[in-house]
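A.B. asks: Handing you a structure now.
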Amino acid sequence: MTDHILIERPENAPGVQVIRLNRAEKKNAITRAMYQAMTDALKAGDTDDAVRATLFLGSEGCFSAGNDLNDFMAFAMGGTMGREVIDFLHALAAHGKPLVSGVDGLAIGIGTTIHLHCDLTYASSRTEFRTPFVDLALVPEAASSLLAPRLMGHQRAFALLAAGEGFSAAAARDAGLVYAVVEPAAVESEALAAARRLAAKPPKALAIARNLIRGDRADVAARIDEEAGHFAAQLKSPEARAAFEAFMARGRG
């Protein structure tokens, strides 16, 4: 398992599995290997009765800058996309334990859309959520085109996913993407405490309640695949290649 994903079982939080993004030097940009490691952890948690809640965390000041653009560029230039991203999204959507997330700072692309699948998200007051999919000539992913309008309404979902507008932590809370906004130093402790409380509840009753609230997820799985088809096609498009080359040039400038 890559060191860029740390799987932790905190002694002070029995029943909680922590999946921590640990690539701070690259702003926790997620590689194919990192996706595979997170998928493995989610699936292991599903089959382990000792795991009663799963918590996603990033680094201080950065949850994730999104997908590693080198993987995208490699695919756009003729490489293979692989199944790691899609497998992770399906494992995330189907995960049978409560999902909690703690977000501090940058949350871009999948760094935003992952929280649409979480049951409770705690964000620091300095967090910014942004999904610049269309700016890179791409399309929404992680079933966000289905989940965000349900959660936020059409106009706020359009602003986030299509217009690429940034959402502050307070705006994200008002839109329903975030449960609570806390000070940066309190993100991990608050998110871990919430996961610990969930892990201490009667697991069968909690699972039934969660499933009733979430509803049938078949449409979520179908939308993940539909978005993925458009995403892969767009990655191969001339406009995406131009957008990526311009983005890389700005990074070198």
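Following the order of the structure tokens, first chain is A, next is B, and so on, with residues numbered from 1 inside each chain and ligands from 1 in the order they appear.
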Write out as a PyMOL selection string each polymer residue whose atoms come within 8 Å of Lys27 (chain A), counting only C-alpha atoms; drop sequence neighbours fewer than 5 positions from it.
C.D. replies: chain A and resi 62-65
A.B. asks: Next, dump the selected residues to file, keeping only N, CA and C atoms, as a PDB file, in the first residue's frame.
C.D. replies:
ATOM      1  N   CYS A  62      -4.436  21.389   3.448  1.00  0.00           N
ATOM      2  CA  CYS A  62      -4.780  20.843   2.136  1.00  0.00           C
ATOM      3  C   CYS A  62      -5.430  19.476   2.283  1.00  0.00           C
ATOM      4  N   PHE A  63      -6.684  19.367   1.848  1.00  0.00           N
ATOM      5  CA  PHE A  63      -7.309  18.050   1.770  1.00  0.00           C
ATOM      6  C   PHE A  63      -6.841  17.355   0.506  1.00  0.00           C
ATOM      7  N   SER A  64      -7.099  17.937  -0.656  1.00  0.00           N
ATOM      8  CA  SER A  64      -6.569  17.383  -1.908  1.00  0.00           C
ATOM      9  C   SER A  64      -6.720  18.392  -3.028  1.00  0.00           C
ATOM     10  N   ALA A  65      -5.686  18.453  -3.883  1.00  0.00           N
ATOM     11  CA  ALA A  65      -5.726  19.277  -5.088  1.00  0.00           C
ATOM     12  C   ALA A  65      -6.397  18.555  -6.238  1.00  0.00           C
TER      13      ALA A  65
END
A.B. asks: Can you pull out the residues contacting Ala142 (chain A)? Cut-off 9 Å, using only C-alpha atoms, and skip same-chain residues under 6 positions away; I want them as a ChimeraX atom specification.
C.D. replies: /A:86,89-90,92-93,110,113-114,116-117,220-221,223-225,227-228
A.B. asks: Per DSSP on the backbone, filter region 21-181 of chain A down to the residues in strand (DSSP E or B) and report them as a PyMOL selection string.
C.D. replies: chain A and resi 21+30+53-57+59+62-64+67+99-103+106-108+120-124+128-130+167-168+180-181
A.B. asks: Identify, on the basis of only C-alpha atoms, every residue whose closest approach to Ala200 (chain A) does not exceed 9 Å; exclude the query and any residue fewer than 5 positions from it along the same chain; express the result as number ranges by chain.
C.D. replies: A: 14-15, 52, 195
A.B. asks: Can I get the selected residues back with N, CA and C atoms, as a PDB file, in the first residue's frame?
C.D. replies:
ATOM      1  N   PRO A  14     -12.126   3.660  19.055  1.00  0.00           N
ATOM      2  CA  PRO A  14     -12.401   2.269  18.699  1.00  0.00           C
ATOM      3  C   PRO A  14     -13.473   2.181  17.610  1.00  0.00           C
ATOM      4  N   GLY A  15     -13.220   1.340  16.627  1.00  0.00           N
ATOM      5  CA  GLY A  15     -14.180   1.136  15.561  1.00  0.00           C
ATOM      6  C   GLY A  15     -14.037   2.082  14.386  1.00  0.00           C
ATOM      7  N   ARG A  52     -16.523   0.326  12.212  1.00  0.00           N
ATOM      8  CA  ARG A  52     -17.914   0.785  12.295  1.00  0.00           C
ATOM      9  C   ARG A  52     -18.121   2.170  11.710  1.00  0.00           C
ATOM     10  N   ALA A 195     -16.832  10.604  14.194  1.00  0.00           N
ATOM     11  CA  ALA A 195     -16.704   9.206  13.763  1.00  0.00           C
ATOM     12  C   ALA A 195     -16.737   8.262  14.952  1.00  0.00           C
TER      13      ALA A 195
END
A.B. asks: Can you list, as a list in words, every protein, DNA or RNA residue that comes within 7 Å of region 150-163 of chain A when you count only C-alpha atoms, leaving out same-chain residues fewer than 5 positions away?
C.D. replies: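 Returned residues: Arg130, Thr131, Phe133, Val134, Pro140, Ala175 and Gly176 of chain A.
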A.B. asks: Which one of A:Val178, A:Ala13, A:Ala232, A:Leu147 sits closest to Phe129 (chain A) if you count only C-alpha atoms?
C.D. replies: A:Val178
A.B. asks: To one decimal in Å, tell me the separation between CA of Ile108 (chain A) and CA of Ile30 (chain A).
C.D. replies: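 Distance between the two atoms: 10.9 Å.
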A.B. asks: Thr39 (chain A): which residues within 8 Å, counting only C-alpha atoms, same-chain residues fewer than 4 positions away excluded, as a CSV table (one decimal) with C-alpha atoms, in the first residue's frame?
C.D. replies:
chain,number,residue,atom,x,y,z
A,35,TYR,CA,-6.9,5.4,-5.6
A,43,LYS,CA,-13.5,-2.8,0.8
A,87,ASP,CA,-13.2,1.3,-8.8
A,88,PHE,CA,-12.6,3.8,-6.0
A,91,ALA,CA,-16.4,1.5,-3.6
A,92,LEU,CA,-17.0,4.9,-2.1
